[in-house]
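One structure below.
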Amino acid sequence: MTFKTGIKSLLISAIIFFVRASLFAQPANNEPCNAQFLPVDGNSYVYDNNSATSTIFEVTPPVGVSGNGSCQARNGWCSGDLFADATVWFTFIAPPSGKVIISTCNVLTLIDPQVAVYNVTSCSDYNTY
């Protein structure tokens, strides 16, 4: 089936999203306004994004411009990942230095997730990300 407008494909995406979202319970921090607070205290914490979804129009960083195929870039997203998928949201208060270490290393998994950090004025308005 071929669609000539983005509206029909958007509608199908929305239907698929709602069907997927209704099959499994999403984590509490599946939405930006329900971001889970992370203490910045030097301890490690383990979280996962099992059953997480993403919302229509969810913010995605621009494609990175350095590194191997841009996936090694520290200034953007992998070029093949145009949309966010299975996102979970966290919030933290940075120390006075403004420096934190965010690691996704886990020897028990083979995934390599992408991480974006935002300073946001309104969690419900993706235009402020």
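Labels used: A, B, ... for chains in the order of the structure tokens, numbers from 1 for residues in each chain, and numbers from 1 for ligands as shown.
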
>> What's around Asn34 in chain A at 9 Å? Count only C-alpha atoms, leave out sequence neighbours fewer than 2 positions away in its own chain, and write the answer as a list in words.
In response: Ala28, Asn29, Asn30, Glu31, Pro32, Gln36, Trp89, Phe90 and Cys123 of chain A

Prev. selection, all heavy atoms, output as an mmCIF file, in the first residue's frame:
data_model
loop_
_atom_site.group_PDB
_atom_site.id
_atom_site.type_symbol
_atom_site.label_atom_id
_atom_site.label_comp_id
_atom_site.auth_asym_id
_atom_site.auth_seq_id
_atom_site.Cartn_x
_atom_site.Cartn_y
_atom_site.Cartn_z
ATOM 1 N N ALA A 28 7.326 3.706 34.612
ATOM 2 C CA ALA A 28 6.776 4.973 35.115
ATOM 3 C C ALA A 28 7.417 6.178 34.436
ATOM 4 O O ALA A 28 6.763 7.195 34.222
ATOM 5 C CB ALA A 28 6.963 5.050 36.624
ATOM 6 N N ASN A 29 8.694 6.082 34.076
ATOM 7 C CA ASN A 29 9.404 7.208 33.461
ATOM 8 C C ASN A 29 9.412 7.129 31.936
ATOM 9 O O ASN A 29 10.338 7.573 31.282
ATOM 10 C CB ASN A 29 10.824 7.315 34.015
ATOM 11 C CG ASN A 29 11.652 6.074 33.786
ATOM 12 O OD1 ASN A 29 11.126 4.982 33.593
ATOM 13 N ND2 ASN A 29 12.957 6.216 33.819
ATOM 14 N N ASN A 30 8.345 6.599 31.370
ATOM 15 C CA ASN A 30 8.195 6.481 29.929
ATOM 16 C C ASN A 30 7.948 7.837 29.258
ATOM 17 O O ASN A 30 8.183 7.997 28.083
ATOM 18 C CB ASN A 30 7.041 5.521 29.611
ATOM 19 C CG ASN A 30 7.007 5.079 28.177
ATOM 20 O OD1 ASN A 30 7.955 4.504 27.683
ATOM 21 N ND2 ASN A 30 5.910 5.347 27.503
ATOM 22 N N GLU A 31 7.468 8.807 30.011
ATOM 23 C CA GLU A 31 7.175 10.141 29.499
ATOM 24 C C GLU A 31 8.085 11.173 30.171
ATOM 25 O O GLU A 31 8.420 11.030 31.348
ATOM 26 C CB GLU A 31 5.718 10.506 29.775
ATOM 27 C CG GLU A 31 4.715 9.570 29.122
ATOM 28 C CD GLU A 31 4.699 9.677 27.611
ATOM 29 O OE1 GLU A 31 5.016 10.761 27.084
ATOM 30 O OE2 GLU A 31 4.372 8.678 26.955
ATOM 31 N N PRO A 32 8.465 12.230 29.473
ATOM 32 C CA PRO A 32 9.372 13.232 30.043
ATOM 33 C C PRO A 32 8.877 13.852 31.354
ATOM 34 O O PRO A 32 9.659 14.078 32.266
ATOM 35 C CB PRO A 32 9.477 14.299 28.957
ATOM 36 C CG PRO A 32 9.089 13.619 27.692
ATOM 37 C CD PRO A 32 8.131 12.541 28.073
ATOM 38 N N GLN A 36 12.306 10.055 36.142
ATOM 39 C CA GLN A 36 12.743 9.553 37.445
ATOM 40 C C GLN A 36 13.958 10.343 37.921
ATOM 41 O O GLN A 36 14.902 10.559 37.159
ATOM 42 C CB GLN A 36 13.101 8.071 37.337
ATOM 43 C CG GLN A 36 13.529 7.485 38.658
ATOM 44 C CD GLN A 36 13.662 5.979 38.589
ATOM 45 O OE1 GLN A 36 13.154 5.329 37.692
ATOM 46 N NE2 GLN A 36 14.359 5.423 39.556
ATOM 47 N N TRP A 89 13.009 8.400 30.701
ATOM 48 C CA TRP A 89 13.436 9.750 31.038
ATOM 49 C C TRP A 89 13.887 9.834 32.486
ATOM 50 O O TRP A 89 13.287 9.239 33.377
ATOM 51 C CB TRP A 89 12.290 10.735 30.786
ATOM 52 C CG TRP A 89 11.928 10.804 29.343
ATOM 53 C CD1 TRP A 89 11.093 9.962 28.662
ATOM 54 C CD2 TRP A 89 12.424 11.726 28.385
ATOM 55 N NE1 TRP A 89 11.026 10.324 27.338
ATOM 56 C CE2 TRP A 89 11.839 11.413 27.146
ATOM 57 C CE3 TRP A 89 13.296 12.809 28.464
ATOM 58 C CZ2 TRP A 89 12.100 12.133 25.981
ATOM 59 C CZ3 TRP A 89 13.557 13.533 27.314
ATOM 60 C CH2 TRP A 89 12.965 13.193 26.085
ATOM 61 N N PHE A 90 14.950 10.599 32.695
ATOM 62 C CA PHE A 90 15.507 10.806 34.032
ATOM 63 C C PHE A 90 15.770 12.287 34.220
ATOM 64 O O PHE A 90 15.923 13.030 33.252
ATOM 65 C CB PHE A 90 16.818 10.027 34.206
ATOM 66 C CG PHE A 90 16.640 8.543 34.088
ATOM 67 C CD1 PHE A 90 16.788 7.912 32.864
ATOM 68 C CD2 PHE A 90 16.317 7.777 35.195
ATOM 69 C CE1 PHE A 90 16.610 6.547 32.736
ATOM 70 C CE2 PHE A 90 16.146 6.413 35.084
ATOM 71 C CZ PHE A 90 16.287 5.797 33.857
ATOM 72 N N CYS A 123 8.669 20.280 30.481
ATOM 73 C CA CYS A 123 8.753 18.869 30.093
ATOM 74 C C CYS A 123 7.693 18.481 29.073
ATOM 75 O O CYS A 123 7.870 17.518 28.337
ATOM 76 C CB CYS A 123 8.655 17.974 31.326
ATOM 77 S SG CYS A 123 7.071 18.066 32.187
#

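Residues surrounding Val88 in chain A within 12 Å are Gln26, Pro27, Ala28, Asn29, Asn30, Glu31, Pro32, Cys33, Asn34, Ala35, Gln36, Phe37, Tyr47, Asp48, Asn49, Asn50, Ser51, Ala52, Thr53, Ser54, Thr55, Glu58, Pro113, Gln114, Val115 and Ala116 of chain A [only C-alpha atoms; sequence separation below 6 positions excluded].
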
Selection above as a file: N, CA and C atoms, as a compact mmCIF listing (two decimals), in the first residue's frame:
# COMPACT_ATOMS: atom_id res chain seq x y z
N GLN A 26 4.09 0.21 30.51
CA GLN A 26 5.29 0.99 30.32
C GLN A 26 5.90 1.34 31.68
N PRO A 27 7.21 1.59 31.69
CA PRO A 27 7.83 2.04 32.94
C PRO A 27 7.27 3.40 33.34
N ALA A 28 7.33 3.71 34.61
CA ALA A 28 6.78 4.97 35.12
C ALA A 28 7.42 6.18 34.44
N ASN A 29 8.69 6.08 34.08
CA ASN A 29 9.40 7.21 33.46
C ASN A 29 9.41 7.13 31.94
N ASN A 30 8.34 6.60 31.37
CA ASN A 30 8.20 6.48 29.93
C ASN A 30 7.95 7.84 29.26
N GLU A 31 7.47 8.81 30.01
CA GLU A 31 7.18 10.14 29.50
C GLU A 31 8.09 11.17 30.17
N PRO A 32 8.46 12.23 29.47
CA PRO A 32 9.37 13.23 30.04
C PRO A 32 8.88 13.85 31.35
N CYS A 33 7.59 14.12 31.46
CA CYS A 33 7.08 14.76 32.69
C CYS A 33 7.03 13.79 33.87
N ASN A 34 7.29 12.53 33.63
CA ASN A 34 7.38 11.52 34.70
C ASN A 34 8.81 11.06 34.89
N ALA A 35 9.76 11.89 34.52
CA ALA A 35 11.18 11.53 34.62
C ALA A 35 11.53 11.11 36.04
N GLN A 36 12.31 10.05 36.14
CA GLN A 36 12.74 9.55 37.44
C GLN A 36 13.96 10.34 37.92
N PHE A 37 13.94 10.75 39.18
CA PHE A 37 15.05 11.52 39.73
C PHE A 37 16.25 10.60 39.96
N TYR A 47 19.13 0.71 35.47
CA TYR A 47 17.77 0.88 34.99
C TYR A 47 17.66 0.19 33.64
N ASP A 48 16.44 -0.05 33.19
CA ASP A 48 16.27 -0.59 31.84
C ASP A 48 15.08 0.09 31.18
N ASN A 49 14.95 -0.15 29.89
CA ASN A 49 13.84 0.43 29.14
C ASN A 49 12.90 -0.64 28.59
N ASN A 50 12.83 -1.78 29.26
CA ASN A 50 11.89 -2.83 28.85
C ASN A 50 10.48 -2.27 28.81
N SER A 51 9.77 -2.54 27.74
CA SER A 51 8.39 -2.11 27.49
C SER A 51 8.23 -0.61 27.33
N ALA A 52 9.32 0.13 27.24
CA ALA A 52 9.22 1.57 27.02
C ALA A 52 8.81 1.84 25.58
N THR A 53 8.19 2.98 25.37
CA THR A 53 7.76 3.39 24.04
C THR A 53 8.33 4.78 23.77
N SER A 54 7.93 5.37 22.70
CA SER A 54 8.24 6.77 22.43
C SER A 54 6.95 7.41 21.94
N THR A 55 6.86 8.71 22.05
CA THR A 55 5.64 9.39 21.65
C THR A 55 5.82 10.03 20.28
N GLU A 58 8.25 13.04 19.52
CA GLU A 58 9.27 13.07 20.57
C GLU A 58 10.57 13.63 20.01
N PRO A 113 23.04 1.76 23.91
CA PRO A 113 22.00 2.79 23.81
C PRO A 113 22.58 4.17 23.54
N GLN A 114 21.73 5.04 23.07
CA GLN A 114 22.11 6.42 22.85
C GLN A 114 21.52 7.26 23.98
N VAL A 115 22.26 8.27 24.40
CA VAL A 115 21.85 9.11 25.51
C VAL A 115 21.88 10.56 25.06
N ALA A 116 20.86 11.30 25.44
CA ALA A 116 20.83 12.74 25.18
C ALA A 116 20.55 13.44 26.51

> CA of Phe57 in chain A to CA of Thr128 in chain A: how many Å, to one decimal?
Replying inline: 12.9 Å

> Within 12 Å of range 117-120 of chain A, counting only C-alpha atoms, which residues qualify if same-chain residues fewer than 6 places away don't, as a list in words?
Replying inline: Pro32, Cys33, Ala35, Val59, Thr60, Pro61, Arg74, Asn75, Gly76, Trp77, Trp89, Phe90, Thr91, Phe92, Ile93, Ala94, Gly98, Val100, Ile101, Ile102, Tyr126, Asn127, Thr128 and Tyr129 of chain A
